[in-house]
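Have a look at structure.tsv below; it lists TSV, C-alpha atoms.
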chain	number	residue	atom	x	y	z
A	10	MET	CA	-3.72	13.07	0.37
A	11	ARG	CA	-4.49	9.74	-1.31
A	12	VAL	CA	-1.87	7.12	-0.39
A	13	ALA	CA	-1.40	3.57	-1.61
A	14	PHE	CA	0.44	1.35	0.85
A	15	ILE	CA	1.77	-1.97	-0.41
A	16	GLY	CA	2.91	-4.46	2.23
A	17	LEU	CA	1.46	-4.68	5.72
A	18	GLY	CA	4.12	-6.63	7.55
A	19	VAL	CA	5.83	-5.80	10.83
A	20	MET	CA	6.90	-2.37	9.55
A	21	GLY	CA	4.21	-1.64	6.96
A	22	TRP	CA	1.19	-2.13	9.22
A	23	PRO	CA	2.11	0.63	11.70
A	24	MET	CA	3.49	2.93	8.99
A	25	ALA	CA	0.24	2.77	7.04
A	26	GLY	CA	-1.64	3.24	10.31
A	27	HIS	CA	0.25	6.46	11.06
A	28	LEU	CA	-0.69	7.79	7.63
A	29	ALA	CA	-4.36	6.95	8.19
A	30	ARG	CA	-4.38	8.53	11.66
A	31	ALA	CA	-2.84	11.68	10.15
A	32	GLY	CA	-5.95	11.99	7.99
A	33	HIS	CA	-4.73	10.57	4.69
A	34	ALA	CA	-6.99	8.37	2.56
A	35	VAL	CA	-5.04	5.09	2.61
A	36	ARG	CA	-5.60	2.25	0.17
A	37	VAL	CA	-3.77	-0.98	1.02
A	38	PHE	CA	-2.68	-4.13	-0.74
A	39	ASN	CA	-1.13	-7.15	0.92
A	40	ARG	CA	-0.46	-10.62	-0.49
A	41	SER	CA	-2.56	-12.09	2.28
A	42	PRO	CA	-5.95	-10.37	1.83
A	43	GLU	CA	-7.15	-11.20	5.33
A	44	LYS	CA	-4.36	-9.06	6.78
A	45	ALA	CA	-5.39	-6.14	4.57
A	46	VAL	CA	-9.00	-6.54	5.74
A	47	ARG	CA	-7.90	-6.52	9.40
A	48	TRP	CA	-5.82	-3.39	8.78
A	49	ALA	CA	-8.69	-1.62	7.00
A	50	ASP	CA	-11.09	-2.50	9.81
A	51	ALA	CA	-8.67	-1.11	12.39
A	52	HIS	CA	-7.76	2.05	10.46
A	53	ASN	CA	-10.77	2.86	8.29
A	54	GLY	CA	-8.85	2.25	5.07
A	55	VAL	CA	-9.68	0.69	1.72
A	56	VAL	CA	-8.61	-2.83	0.78
A	57	CYS	CA	-7.51	-3.30	-2.83
A	58	ARG	CA	-7.37	-6.55	-4.77
A	59	SER	CA	-4.13	-5.71	-6.58
A	60	VAL	CA	-1.15	-3.39	-6.58
A	61	MET	CA	-2.63	-1.67	-9.64
A	62	ASP	CA	-5.95	-1.06	-7.87
A	63	ALA	CA	-4.16	0.37	-4.84
A	64	ALA	CA	-1.88	2.69	-6.80
A	65	GLU	CA	-4.40	4.06	-9.30
A	66	GLY	CA	-5.49	7.57	-8.38
A	67	CYS	CA	-3.11	7.92	-5.46
A	68	GLU	CA	-0.65	10.77	-5.12
A	69	VAL	CA	1.80	8.71	-3.09
A	70	VAL	CA	2.65	5.03	-3.43
A	71	ALA	CA	4.55	3.54	-0.48
A	72	LEU	CA	6.13	0.12	-0.76
A	73	CYS	CA	7.14	-1.88	2.31
A	74	VAL	CA	8.05	-5.38	1.16
A	75	GLY	CA	11.22	-7.16	2.21
A	76	ASN	CA	11.96	-9.75	-0.43
A	77	ASP	CA	13.94	-8.55	-3.48
A	78	ASP	CA	11.88	-10.65	-5.90
A	79	ASP	CA	8.68	-9.17	-4.46
A	80	VAL	CA	10.03	-5.66	-4.94
A	81	ARG	CA	10.93	-6.44	-8.55
A	82	ALA	CA	7.42	-7.79	-9.13
A	83	VAL	CA	5.57	-4.90	-7.49
A	84	VAL	CA	7.50	-1.83	-8.65
A	85	PRO	CA	6.71	-2.03	-12.39
A	86	VAL	CA	3.00	-2.52	-11.70
A	87	ALA	CA	2.86	0.39	-9.27
A	88	LEU	CA	4.80	2.63	-11.64
A	89	ASP	CA	2.41	1.77	-14.49
A	90	ALA	CA	-0.49	2.95	-12.32
A	91	ALA	CA	1.24	6.16	-11.26
A	92	ALA	CA	0.55	9.53	-12.86
A	93	PRO	CA	3.15	12.20	-13.61
A	94	GLY	CA	4.09	13.98	-10.41
A	95	ASP	CA	3.18	11.11	-8.10
A	96	VAL	CA	5.62	10.26	-5.33
A	97	PHE	CA	6.93	6.70	-5.07
A	98	LEU	CA	8.52	5.49	-1.83
A	99	ALA	CA	10.34	2.19	-1.81
Let me see the file written as structure tokens.
Amino acid sequence: MRVAFIGLGVMGWPMAGHLARAGHAVRVFNRSPEKAVRWADAHNGVVCRSVMDAAEGCEVVALCVGNDDDVRAVVPVALDAAAPGDVFLA
């Protein structure tokens, strides 16, 4: 399954890692790109430059950001990239 994971903080990093270890193709986006690169190196994932890039073509979009304003900024972009039938976890 193709999964986009947005937010690699204290909770997001291990959650995305579990998905990758389970064999899913995980694409990640994080506001601090260096953290996304470290995650991808550790878990054989793909780093994306934007929320849109991460969500496009994925069957599942998982969001793990804590700040309300960040959620409000990310959700519309991720939904615009989603296709009918995609699953969105926030």
- Query: Between A:Ala13, A:Ala87, A:Met20, A:Ala45, which is the closest to A:Ala71 once you count all atoms listed in the file?
  - Reply: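 Residue with the minimum atom-to-atom distance to A:Ala71: A:Ala13.
In this structure, atom CA of A:Phe97 sits 12.9 Å away from atom CA of A:Gly66.
Nearest to A:Val80 of all the residues A:Ala63, A:Ala92, A:Val46, A:Leu98 is A:Leu98, counting only C-alpha atoms.
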- Tell me which protein, DNA and RNA residues are within 10 Å of A:Val69, counting all atoms listed in the file, leaving out same-chain ones fewer than 3 positions away, and put them as a list of chain:residue names.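 Returned residues: A:Met10, A:Arg11, A:Val12, A:Ala13, A:Phe14, A:Val35, A:Ala64, A:Glu65, A:Gly66, A:Leu72, A:Ala91, A:Ala92, A:Gly94, A:Asp95, A:Val96, A:Phe97, A:Leu98.
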- Query: Which of these residues is nearest to A:His52, using only C-alpha atoms: A:Pro85, A:Pro93, A:Leu28, A:Asp79?
  - Reply: A:Leu28
- Who sits within 8 Å of stretch 39-41 of chain A, all atoms listed in the file, same chain under 2 positions skipped, as a PyMOL selection string: chain A and resi 15-17+37+43-45
- Query: Pick from A:Cys67, A:Val83, A:Val74, A:Met61: nearest to A:Ala34, with only C-alpha atoms counted?
  - Reply: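 Using only C-alpha atoms, A:Ala34 sits closest to A:Cys67.
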- Please indicate the distance in Å from atom CA of A:Glu68 to atom CA of A:Leu88, rounded to one decimal place.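 Taking atom CA of A:Glu68 as the start and atom CA of A:Leu88 as the end point, the length is 11.8 Å.
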